[in-house]
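A.B. asks: See entry-v6.txt below, with compact mmCIF, C-alpha atoms and all ligand atoms.
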```txt
# COMPACT_ATOMS: atom_id res chain seq x y z
CA MET A 1 -5.38 -5.65 -12.84
CA SER A 2 -6.77 -7.55 -9.87
CA HIS A 3 -6.46 -4.87 -7.17
CA PRO A 4 -9.02 -2.09 -7.74
CA TYR A 5 -7.77 1.46 -8.30
CA ARG A 6 -11.12 3.28 -8.16
CA SER A 7 -9.86 5.84 -5.66
CA VAL A 8 -6.21 6.93 -5.42
CA LEU A 9 -5.81 9.55 -2.68
CA TYR A 10 -2.93 12.05 -2.60
CA ILE A 11 -1.58 12.93 0.83
CA PRO A 12 1.20 15.47 1.34
CA ALA A 13 3.98 13.57 3.10
CA ALA A 14 4.51 16.62 5.31
CA ASN A 15 1.02 16.13 6.77
CA ALA A 16 1.42 13.52 9.52
CA ARG A 17 -2.19 13.96 10.66
CA ALA A 18 -3.56 13.15 7.20
CA MET A 19 -1.21 10.17 6.79
CA GLU A 20 -2.52 8.80 10.10
CA LYS A 21 -6.13 9.41 9.14
CA ALA A 22 -5.67 7.55 5.85
CA ARG A 23 -5.21 4.21 7.63
CA ASP A 24 -9.00 4.10 8.06
CA LEU A 25 -10.11 5.74 4.82
CA PRO A 26 -11.73 3.68 2.03
CA ALA A 27 -9.06 4.46 -0.57
CA ASP A 28 -7.93 1.70 -2.93
CA ALA A 29 -4.48 3.30 -3.11
CA ILE A 30 -2.64 6.22 -1.55
CA ILE A 31 -0.06 8.49 -3.16
CA PHE A 32 2.25 9.82 -0.46
CA ASP A 33 3.45 13.02 -2.08
CA LEU A 34 6.96 14.41 -1.77
CA GLU A 35 6.51 16.61 -4.87
CA ASP A 36 4.06 19.46 -5.46
CA ALA A 37 2.10 19.23 -2.19
CA VAL A 38 5.26 19.70 -0.10
CA ALA A 39 6.89 23.13 0.19
CA PRO A 40 10.65 23.32 -0.56
CA ASP A 41 11.50 24.00 3.10
CA GLU A 42 9.60 20.91 4.19
CA LYS A 43 11.02 18.41 1.67
CA ILE A 44 13.61 16.81 3.95
CA ALA A 45 11.34 16.66 6.99
CA ALA A 46 8.61 15.14 4.80
CA ARG A 47 10.90 12.20 3.94
CA ALA A 48 11.41 11.51 7.64
CA ALA A 49 7.68 11.79 8.38
CA LEU A 50 6.96 9.41 5.52
CA ALA A 51 9.43 6.82 6.82
CA VAL A 52 7.66 6.91 10.19
CA ALA A 53 4.19 6.67 8.63
CA LEU A 54 5.08 3.77 6.35
CA ALA A 55 6.58 1.80 9.24
CA SER A 56 2.96 1.05 10.28
CA ASP A 57 0.21 -0.76 8.42
CA TYR A 58 -2.03 0.64 5.66
CA GLY A 59 -3.99 -2.59 5.23
CA ALA A 60 -4.85 -3.44 1.63
CA ARG A 61 -4.34 0.11 0.39
CA VAL A 62 -1.60 0.22 -2.25
CA ARG A 63 1.18 2.55 -1.02
CA ILE A 64 2.64 4.69 -3.79
CA VAL A 65 5.32 7.33 -3.12
CA ARG A 66 5.57 10.28 -5.50
CA ILE A 67 9.15 11.53 -5.61
CA ASN A 68 10.44 14.85 -6.97
CA GLY A 69 11.66 15.00 -10.54
CA PHE A 70 15.33 14.34 -11.28
CA ALA A 71 15.71 17.90 -12.58
CA THR A 72 15.16 19.16 -9.03
CA GLU A 73 17.63 19.13 -6.16
CA TRP A 74 15.58 16.48 -4.28
CA GLY A 75 14.79 13.91 -6.98
CA GLN A 76 17.82 11.63 -6.80
CA ASP A 77 17.90 11.64 -2.99
CA ASP A 78 14.18 10.84 -2.95
CA ALA A 79 14.88 7.83 -5.17
CA ARG A 80 17.71 6.63 -2.93
CA PHE A 81 15.46 7.15 0.08
CA CYS A 82 12.79 4.93 -1.53
CA ALA A 83 15.36 2.25 -2.33
CA GLU A 84 16.92 2.27 1.14
CA ALA A 85 14.73 3.66 3.95
CA LEU A 86 11.43 2.66 2.35
CA ALA A 87 12.51 -0.74 0.99
CA GLY A 88 9.56 -3.11 1.38
CA ARG A 89 7.34 -0.34 2.80
CA ALA A 90 6.22 1.22 -0.48
CA ASP A 91 4.44 -0.77 -3.17
CA ALA A 92 5.45 1.58 -5.98
CA VAL A 93 7.32 4.79 -6.76
CA LEU A 94 5.55 7.44 -8.85
CA ILE A 95 7.74 9.63 -11.06
CA PRO A 96 6.40 13.10 -11.97
CA LYS A 97 6.50 14.78 -15.38
CA VAL A 98 7.76 11.75 -17.28
CA ASP A 99 8.66 12.84 -20.81
CA SER A 100 10.03 9.55 -22.16
CA ALA A 101 10.99 5.98 -21.25
CA ALA A 102 14.55 7.23 -20.58
CA ASP A 103 13.20 9.11 -17.53
CA LEU A 104 12.04 5.77 -16.14
CA ASP A 105 15.43 4.17 -16.85
CA ARG A 106 17.16 6.80 -14.72
CA VAL A 107 14.93 6.12 -11.72
CA ALA A 108 14.96 2.34 -12.27
CA ALA A 109 18.75 2.37 -12.04
CA LEU A 110 18.55 3.83 -8.52
CA ILE A 111 15.56 1.77 -7.37
CA PRO A 112 16.20 -1.79 -8.50
CA ASP A 113 13.23 -3.59 -6.94
CA THR A 114 10.16 -1.41 -6.46
CA PRO A 115 7.63 -1.17 -9.33
CA LEU A 116 7.34 2.23 -11.03
CA TRP A 117 4.38 4.39 -11.93
CA ALA A 118 4.55 7.44 -14.21
CA MET A 119 2.78 10.80 -14.09
CA ILE A 120 1.92 11.78 -17.62
CA GLU A 121 1.36 15.54 -17.52
CA THR A 122 3.51 17.14 -20.19
CA PRO A 123 2.79 17.40 -23.91
CA LEU A 124 5.99 15.44 -24.64
CA GLY A 125 5.02 12.72 -22.17
CA MET A 126 1.67 12.36 -23.89
CA LEU A 127 3.26 12.15 -27.33
CA ASN A 128 5.65 9.48 -25.98
CA ALA A 129 2.97 7.64 -23.98
CA ALA A 130 3.30 4.38 -25.95
CA GLY A 131 7.04 4.07 -25.22
CA ILE A 132 6.50 4.95 -21.57
CA ALA A 133 3.68 2.43 -21.16
CA ALA A 134 5.85 -0.29 -22.74
CA HIS A 135 8.59 0.13 -20.10
CA PRO A 136 9.05 -3.26 -18.37
CA ARG A 137 9.26 -1.74 -14.86
CA LEU A 138 6.10 0.33 -15.28
CA LEU A 139 2.88 -0.82 -13.59
CA GLY A 140 0.65 2.23 -13.82
CA MET A 141 0.09 5.69 -15.27
CA VAL A 142 -1.44 8.75 -13.55
CA MET A 143 -2.84 11.70 -15.46
CA GLY A 144 -1.57 15.09 -14.26
CA THR A 145 -4.31 17.29 -15.57
CA ASN A 146 -3.25 20.42 -13.65
CA ASP A 147 0.22 20.40 -15.13
CA LEU A 148 -1.21 19.55 -18.54
CA ALA A 149 -3.58 22.54 -18.39
CA LYS A 150 -0.64 24.73 -17.42
CA GLU A 151 1.49 23.44 -20.30
CA LEU A 152 -1.33 23.78 -22.83
CA ASN A 153 -2.48 27.14 -21.49
CA SER A 154 -5.94 25.61 -21.71
CA ARG A 155 -9.00 26.46 -19.65
CA PHE A 156 -10.70 24.07 -17.23
CA ARG A 157 -14.01 23.06 -18.75
CA PRO A 158 -16.57 20.55 -17.46
CA ASP A 159 -16.24 18.52 -20.68
CA ARG A 160 -12.41 18.67 -20.57
CA LEU A 161 -12.37 19.17 -24.33
CA PRO A 162 -8.84 20.66 -24.40
CA MET A 163 -7.46 17.52 -22.70
CA GLN A 164 -9.24 14.88 -24.68
CA ALA A 165 -6.44 14.28 -27.18
CA GLY A 166 -3.84 13.82 -24.44
CA LEU A 167 -6.05 11.70 -22.21
CA GLY A 168 -6.98 9.53 -25.19
CA LEU A 169 -3.35 8.98 -26.21
CA CYS A 170 -2.47 7.86 -22.69
CA LEU A 171 -5.46 5.55 -22.46
CA LEU A 172 -4.54 3.90 -25.74
CA ALA A 173 -0.95 3.46 -24.57
CA ALA A 174 -1.89 2.01 -21.17
CA LYS A 175 -4.43 -0.39 -22.63
CA ALA A 176 -2.06 -1.50 -25.39
CA HIS A 177 0.48 -2.53 -22.77
CA GLY A 178 -1.87 -3.78 -20.06
CA LYS A 179 -1.03 -1.06 -17.54
CA VAL A 180 -3.28 0.51 -14.89
CA ILE A 181 -4.32 4.08 -15.71
CA VAL A 182 -5.99 6.55 -13.36
CA ASP A 183 -7.49 9.92 -14.20
CA GLY A 184 -6.37 13.34 -12.93
CA VAL A 185 -7.66 15.21 -9.87
CA PHE A 186 -10.79 17.36 -9.59
CA ASN A 187 -9.64 20.50 -7.81
CA ALA A 188 -12.97 21.77 -6.43
CA PHE A 189 -13.11 19.28 -3.57
CA LYS A 190 -16.40 20.64 -2.18
CA ASP A 191 -18.23 20.31 -5.52
CA ASP A 192 -19.68 16.80 -5.35
CA ASP A 193 -21.79 17.11 -8.50
CA GLY A 194 -18.81 18.34 -10.52
CA LEU A 195 -16.65 15.49 -9.24
CA ARG A 196 -19.37 12.92 -9.96
CA ALA A 197 -19.71 14.15 -13.55
CA GLU A 198 -15.93 14.04 -14.11
CA CYS A 199 -15.70 10.54 -12.59
CA GLU A 200 -18.50 9.36 -14.88
CA GLN A 201 -16.68 10.81 -17.87
CA GLY A 202 -13.43 9.10 -16.80
CA ARG A 203 -15.20 5.78 -16.30
CA ASP A 204 -16.90 6.08 -19.70
CA MET A 205 -13.50 6.68 -21.29
CA GLY A 206 -11.97 3.56 -19.70
CA PHE A 207 -9.92 4.87 -16.78
CA ASP A 208 -9.52 2.45 -13.88
CA GLY A 209 -10.12 5.16 -11.30
CA LYS A 210 -9.44 8.72 -10.27
CA THR A 211 -6.79 10.49 -8.27
CA LEU A 212 -8.29 12.49 -5.40
CA ILE A 213 -7.14 15.24 -3.06
CA HIS A 214 -9.62 15.05 -0.16
CA PRO A 215 -11.28 12.22 1.81
CA ALA A 216 -14.73 13.65 0.96
CA GLN A 217 -14.11 12.61 -2.67
CA LEU A 218 -13.58 8.90 -1.93
CA ALA A 219 -17.16 7.64 -1.87
CA ILE A 220 -18.04 9.30 -5.18
CA ALA A 221 -15.04 7.80 -7.01
CA ASN A 222 -15.50 4.37 -5.42
CA LYS A 223 -19.07 4.28 -6.68
CA ALA A 224 -18.39 5.70 -10.13
CA PHE A 225 -15.60 3.25 -10.96
CA ALA A 226 -17.30 0.13 -9.59
CA PRO A 227 -19.61 -1.95 -11.77
CA THR A 228 -23.24 -1.05 -11.08
CA GLU A 229 -25.80 -3.66 -9.98
CA ALA A 230 -27.37 -3.38 -13.44
CA GLU A 231 -24.00 -4.04 -15.11
CA ILE A 232 -23.38 -7.06 -12.89
CA ASP A 233 -26.83 -8.45 -13.59
CA LEU A 234 -26.41 -7.91 -17.34
CA ALA A 235 -22.98 -9.55 -17.28
CA ARG A 236 -24.40 -12.67 -15.60
CA ARG A 237 -27.28 -12.87 -18.08
CA GLN A 238 -24.95 -12.38 -21.06
CA ILE A 239 -22.66 -15.19 -19.91
CA ALA A 240 -25.61 -17.52 -19.28
CA ALA A 241 -27.23 -16.71 -22.62
CA PHE A 242 -23.98 -17.15 -24.54
CA ASP A 243 -23.28 -20.49 -22.82
CA ALA A 244 -26.78 -21.66 -23.73
CA ALA A 245 -26.34 -20.53 -27.34
CA LYS A 246 -22.99 -22.28 -27.53
CA ALA A 247 -24.52 -25.51 -26.26
CA GLU A 248 -26.90 -25.30 -29.23
CA GLY A 249 -23.97 -24.85 -31.61
CA LYS A 250 -24.53 -21.07 -32.10
CA GLY A 251 -21.89 -18.34 -31.83
CA VAL A 252 -24.27 -15.50 -31.01
CA ALA A 253 -26.90 -14.94 -28.31
CA VAL A 254 -29.37 -12.10 -27.82
CA VAL A 255 -29.95 -10.35 -24.48
CA ASP A 256 -32.27 -7.36 -24.05
CA GLY A 257 -32.52 -7.08 -27.82
CA LYS A 258 -28.75 -6.80 -28.32
CA ILE A 259 -26.32 -9.34 -29.71
CA VAL A 260 -23.85 -11.07 -27.41
CA GLU A 261 -20.69 -12.49 -28.99
CA ASN A 262 -17.57 -13.93 -27.40
CA LEU A 263 -15.99 -10.46 -27.04
CA HIS A 264 -19.00 -9.24 -25.06
CA VAL A 265 -18.62 -12.28 -22.82
CA ASP A 266 -14.98 -11.30 -22.20
CA THR A 267 -16.18 -7.86 -21.06
CA ALA A 268 -18.88 -9.47 -18.92
CA ARG A 269 -16.32 -11.70 -17.20
CA LEU A 270 -14.10 -8.67 -16.56
CA THR A 271 -17.06 -6.85 -15.00
CA LEU A 272 -17.69 -9.78 -12.64
CA ALA A 273 -13.98 -10.06 -11.80
CA ARG A 274 -13.87 -6.34 -10.92
CA ALA A 275 -16.97 -6.67 -8.74
CA GLU A 276 -15.41 -9.65 -6.94
CA ALA A 277 -12.11 -7.81 -6.38
CA ILE A 278 -14.00 -4.86 -4.89
CA ALA A 279 -16.06 -7.14 -2.65
CA GLU A 280 -12.89 -8.91 -1.51
CA LEU A 281 -11.27 -5.58 -0.66
CA ALA A 282 -14.34 -4.47 1.31
CA GLY A 283 -14.43 -7.80 3.13
C1 LIG B 1 -7.10 20.46 -0.09
C2 LIG B 1 -6.61 20.42 1.33
C3 LIG B 1 -5.49 21.43 1.53
C4 LIG B 1 -7.76 20.75 2.28
O1 LIG B 1 -7.26 20.60 3.58
P1 LIG B 1 -8.13 20.96 4.86
O2 LIG B 1 -8.66 22.37 4.76
O3 LIG B 1 -7.33 20.61 6.07
O4 LIG B 1 -9.37 19.99 4.73
P2 LIG B 1 -10.41 19.61 5.78
O5 LIG B 1 -10.37 20.49 6.98
O6 LIG B 1 -11.72 19.50 5.09
O7 LIG B 1 -9.96 18.15 6.24
C5 LIG B 1 -10.82 17.32 6.96
C6 LIG B 1 -10.06 16.16 7.52
O8 LIG B 1 -9.52 15.38 6.46
C7 LIG B 1 -8.09 15.31 6.55
N1 LIG B 1 -7.55 15.38 5.20
C8 LIG B 1 -7.61 16.40 4.34
N2 LIG B 1 -7.04 16.09 3.18
C9 LIG B 1 -6.63 14.81 3.32
C10 LIG B 1 -5.97 13.92 2.44
N3 LIG B 1 -5.62 14.32 1.20
N4 LIG B 1 -5.72 12.71 2.88
C11 LIG B 1 -6.05 12.31 4.14
N5 LIG B 1 -6.68 13.11 5.01
C12 LIG B 1 -6.96 14.36 4.60
C13 LIG B 1 -7.70 16.50 7.40
O9 LIG B 1 -6.47 16.21 8.04
C14 LIG B 1 -8.86 16.57 8.36
O10 LIG B 1 -8.72 15.55 9.33
P3 LIG B 1 -9.21 15.75 10.82
O11 LIG B 1 -8.16 16.59 11.46
O12 LIG B 1 -9.30 14.39 11.39
O13 LIG B 1 -10.54 16.42 10.76
C15 LIG B 1 -6.11 18.99 1.68
O14 LIG B 1 -7.18 18.12 1.50
C16 LIG B 1 -4.90 18.53 0.93
O15 LIG B 1 -3.79 18.93 1.25
N6 LIG B 1 -5.10 17.67 -0.06
C17 LIG B 1 -4.04 17.05 -0.80
C18 LIG B 1 -3.41 18.02 -1.76
C19 LIG B 1 -2.36 17.33 -2.57
O16 LIG B 1 -1.87 16.30 -2.20
N7 LIG B 1 -1.98 17.92 -3.72
C20 LIG B 1 -0.99 17.36 -4.59
C21 LIG B 1 -1.56 16.36 -5.48
S1 LIG B 1 -2.54 16.99 -6.76
C22 LIG B 1 -1.39 17.13 -8.05
O17 LIG B 1 -0.27 17.45 -7.81
C23 LIG B 1 -1.91 16.77 -9.36
C24 LIG B 1 -0.98 16.54 -10.52
O18 LIG B 1 0.38 16.56 -10.32
C25 LIG B 1 -1.39 17.45 -11.65
O19 LIG B 1 -0.52 18.06 -12.28
O20 LIG B 1 -2.58 17.52 -11.91
MG MG B 2 1.54 17.61 -11.63
```
Output the structure of this file as structure tokens.

C.D. replies:
Amino acid sequence: MSHPYRSVLYIPAANARAMEKARDLPADAIIFDLEDAVAPDEKIAARAALAVALASDYGARVRIVRINGFATEWGQDDARFCAEALAGRADAVLIPKVDSAADLDRVAALIPDTPLWAMIETPLGMLNAAGIAAHPRLLGMVMGTNDLAKELNSRFRPDRLPMQAGLGLCLLAAKAHGKVIVDGVFNAFKDDDGLRAECEQGRDMGFDGKTLIHPAQLAIANKAFAPTEAEIDLARRQIAAFDAAKAEGKGVAVVDGKIVENLHVDTARLTLARAEAIAELAG
């Protein structure tokens, strides 16, 4: 993963004003939504509005289009629309409620070139996460924590205890197959402290970033999923100490009273690479 995915902002494709505004927002990626954020009566008009919006530049922001599921009356036409009208204008197509790798095959057959992302938000999708993550056309996975809560009949809790098994399965699957994985949305978009806590939890767990629903959430996610100054400083010192130890024929160094082995150096290099990618994006 070289492009950062700290902040992935949903925008309803029916909302032309928001799609325009997003050209200047500090989002690492945008999900242009044709699915749940668009009312049934607006689905067709939203496609047209999206084609107009994506004809103009979004800079370095990755442009992801979420289509409707194939079980709905719009799904297949959305896929054809992505393959034809949006060819070259969308960086990826996001498929909702993916239950298995076969769901990806069906979309891949209609969209031969564009990379695919999968929403994992059903119990079956979570149980099949490894097969989904292994799909050769798949680049990234997005947690759908609202749909998951609905399916589980679970309650929203600050510690997200009812979701931990599902989130963990998806993380394992994504990491095993080298795919990007971003966390679900935080619905209370005026609750900065709540969002910050959930971002910190997601970062601790290993997510690459968080999906967001409002521009006010961007700065918090961008900060939470970027390496901190302390992490960057530690990474540099670990690499230097390990190199020095190696020059003396040792396989282990000590920094701040903790051992540093080659695996810690790998993590340190990844931290620096992430910091550089973020700086490049900002520049
Ligand atoms: C949540 C909202 C409906 C709030 O909208 P609104 O009341 O209009 O917000 P504000 O007045 O505070 O907006 C201020 C300005 O910001 C722009 N804006 C708002 N939202 C966005 C956005 N998402 N992207 C870009 N710009 C945005 C407004 O246009 C205002 O601009 P200006 O006129 O210049 O002042 C609204 O934020 C919203 O619709 N959010 C997205 C909702 C969405 O996409 N939901 C679907 C995805 S979540 C999901 O499905 C999760 C998953 O599937 C699961 O299962 O969990
Ligand atoms: Mg959903």

A.B. asks: I need the residue nearest Ala273 (chain A) from this list: A:Lys246, A:Lys190, A:Lys175, A:Arg236. Use only C-alpha atoms for the distance.

C.D. replies: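 Result for the nearest residue to Ala273 (chain A): A:Arg236.
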
A.B. asks: Please tabulate, as JSON lines, the residues of chain A that come within 6 Å of ligand LIG 1 (chain B), each with its closest pair of atoms and the distance in Å to one decimal, counting all atoms listed in the file and ordering rows by chain, then residue number upward.

C.D. replies:
```
{"residue": "A:Tyr10", "atom": "CA", "partner": "B:LIG1", "partner_atom": "O16", "distance": 4.4}
{"residue": "A:Ile11", "atom": "CA", "partner": "B:LIG1", "partner_atom": "N3", "distance": 4.3}
{"residue": "A:Pro12", "atom": "CA", "partner": "B:LIG1", "partner_atom": "O16", "distance": 4.8}
{"residue": "A:Arg17", "atom": "CA", "partner": "B:LIG1", "partner_atom": "O9", "distance": 5.5}
{"residue": "A:Ala18", "atom": "CA", "partner": "B:LIG1", "partner_atom": "N5", "distance": 3.8}
{"residue": "A:Met19", "atom": "CA", "partner": "B:LIG1", "partner_atom": "C11", "distance": 5.9}
{"residue": "A:Lys21", "atom": "CA", "partner": "B:LIG1", "partner_atom": "N5", "distance": 5.6}
{"residue": "A:Ala22", "atom": "CA", "partner": "B:LIG1", "partner_atom": "C11", "distance": 5.1}
{"residue": "A:Asp36", "atom": "CA", "partner": "B:LIG1", "partner_atom": "O17", "distance": 5.3}
{"residue": "A:Ala37", "atom": "CA", "partner": "B:LIG1", "partner_atom": "C20", "distance": 4.3}
{"residue": "A:Gly144", "atom": "CA", "partner": "B:LIG1", "partner_atom": "C25", "distance": 3.5}
{"residue": "A:Thr145", "atom": "CA", "partner": "B:LIG1", "partner_atom": "O20", "distance": 4.1}
{"residue": "A:Asn146", "atom": "CA", "partner": "B:LIG1", "partner_atom": "O20", "distance": 3.4}
{"residue": "A:Asp147", "atom": "CA", "partner": "B:LIG1", "partner_atom": "O19", "distance": 3.8}
{"residue": "A:Gly184", "atom": "CA", "partner": "B:LIG1", "partner_atom": "O20", "distance": 5.7}
{"residue": "A:Val185", "atom": "CA", "partner": "B:LIG1", "partner_atom": "O20", "distance": 5.9}
{"residue": "A:Ile213", "atom": "CA", "partner": "B:LIG1", "partner_atom": "C17", "distance": 4.2}
{"residue": "A:His214", "atom": "CA", "partner": "B:LIG1", "partner_atom": "O14", "distance": 4.3}
{"residue": "A:Pro215", "atom": "CA", "partner": "B:LIG1", "partner_atom": "C9", "distance": 5.5}
```

A.B. asks: Would you list the residues near (-6.5, 13.7, -7.5), meaning any protein, DNA or RNA residue with an atom at most 12 Å from that point in file coordinates, counting all atoms listed in the file, as number ranges by chain?

C.D. replies: A: 6-12, 27, 29-33, 37, 119, 142-146, 182-189, 195, 198-199, 209-218, 221

A.B. asks: Restricting the calculation to all atoms listed in the file: of A:Leu34, A:Leu110, A:Ile120, A:Leu167, which residue gets closest to Thr72 (chain A)?

C.D. replies: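 Among the listed residues, the smallest separation from Thr72 (chain A) belongs to A:Leu34.
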
A.B. asks: Using only C-alpha atoms, find the one residue out of A:Lys223, A:His135, A:Arg155, A:Lys150 that sits nearest to Gly178 (chain A).

C.D. replies: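 Distance minimum relative to Gly178 (chain A) lands on A:His135.
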
A.B. asks: Tell me which protein, DNA and RNA residues are within 12 Å of Thr228 (chain A), counting all atoms listed in the file, leaving out same-chain ones fewer than 4 positions away, and put them as an MDAnalysis selection string.

C.D. replies: chainID A and resid 203 222:224 232:235 271:272 274:275 278

A.B. asks: What is the distance between CA of Ala48 (chain A) and CA of Gly88 (chain A), in Å to one decimal?

C.D. replies: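 Computed distance, CA of Ala48 (chain A) to CA of Gly88 (chain A), equals 16.0 Å.
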
A.B. asks: I need the residue nearest ligand MG 2 (chain B) from this list: A:Ala149, A:Ala279, A:Leu139, A:Leu116. Use all atoms listed in the file for the distance.

C.D. replies: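 Checking each candidate against ligand MG 2 (chain B), we get A:Ala149 as the closest.
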
A.B. asks: Which residue, A:Val260, A:Pro158, A:Asn128, A:Ala87, has the smallest gap to Pro112 (chain A) when you use all atoms listed in the file?

C.D. replies: A:Ala87

A.B. asks: Around (-0.3, 13.0, -22.3) in the file's own coordinates, what residues are found within 7 Å if you use all atoms listed in the file, given back as a list of chain:residue names?

C.D. replies: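 Residues with an atom at most 7 Å from (-0.3, 13.0, -22.3): A:Ile120, A:Glu121, A:Thr122, A:Pro123, A:Gly125, A:Met126, A:Leu127, A:Ala129, A:Gly166, A:Leu167, A:Leu169, A:Cys170.
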
A.B. asks: Just write the chosen residues, C-alpha atoms, as an mmCIF file, in the coordinates of the input.

C.D. replies:
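Result file is again06.cif:
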```cif
data_model
loop_
_atom_site.group_PDB
_atom_site.id
_atom_site.type_symbol
_atom_site.label_atom_id
_atom_site.label_comp_id
_atom_site.auth_asym_id
_atom_site.auth_seq_id
_atom_site.Cartn_x
_atom_site.Cartn_y
_atom_site.Cartn_z
ATOM 1 C CA ILE A 120 1.920 11.780 -17.620
ATOM 2 C CA GLU A 121 1.360 15.540 -17.520
ATOM 3 C CA THR A 122 3.510 17.140 -20.190
ATOM 4 C CA PRO A 123 2.790 17.400 -23.910
ATOM 5 C CA GLY A 125 5.020 12.720 -22.170
ATOM 6 C CA MET A 126 1.670 12.360 -23.890
ATOM 7 C CA LEU A 127 3.260 12.150 -27.330
ATOM 8 C CA ALA A 129 2.970 7.640 -23.980
ATOM 9 C CA GLY A 166 -3.840 13.820 -24.440
ATOM 10 C CA LEU A 167 -6.050 11.700 -22.210
ATOM 11 C CA LEU A 169 -3.350 8.980 -26.210
ATOM 12 C CA CYS A 170 -2.470 7.860 -22.690
#
```

A.B. asks: Pick from A:Ile64, A:Ala230, A:Ala79, A:Ala245: nearest to Ala268 (chain A), with all atoms listed in the file counted?

C.D. replies: A:Ala230

A.B. asks: Which distance in Å separates CA of Gly206 (chain A) and CA of Ile181 (chain A), to one decimal?

C.D. replies: 8.6 Å

A.B. asks: Kindly give the distance, in Å, that separates CA of Thr114 (chain A) and CA of Glu84 (chain A), rounded to a single decimal.

C.D. replies: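 Going from CA of Thr114 (chain A) over to CA of Glu84 (chain A) covers 10.8 Å.
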
A.B. asks: Any idea what's packed within 8 Å of Val255 (chain A), counting all atoms listed in the file, ignoring anything in its chain fewer than 3 positions away? Could you give it as a list in words?

C.D. replies: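 Selected residues are Arg237, Gln238, Ala241, Lys258, Ile259 and Val260 of chain A.
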
A.B. asks: Edge lengths and centre, in Å to one decimal, as lines of an AutoDock Vina configuration file: that's what I need for the box along x, y and z that holds all listed atoms of region 1-5 of chain A plus 5 Å on each side.

C.D. replies:
```
center_x = -7.2
center_y = -3.0
center_z = -10.0
size_x = 13.6
size_y = 19.0
size_z = 15.7
```
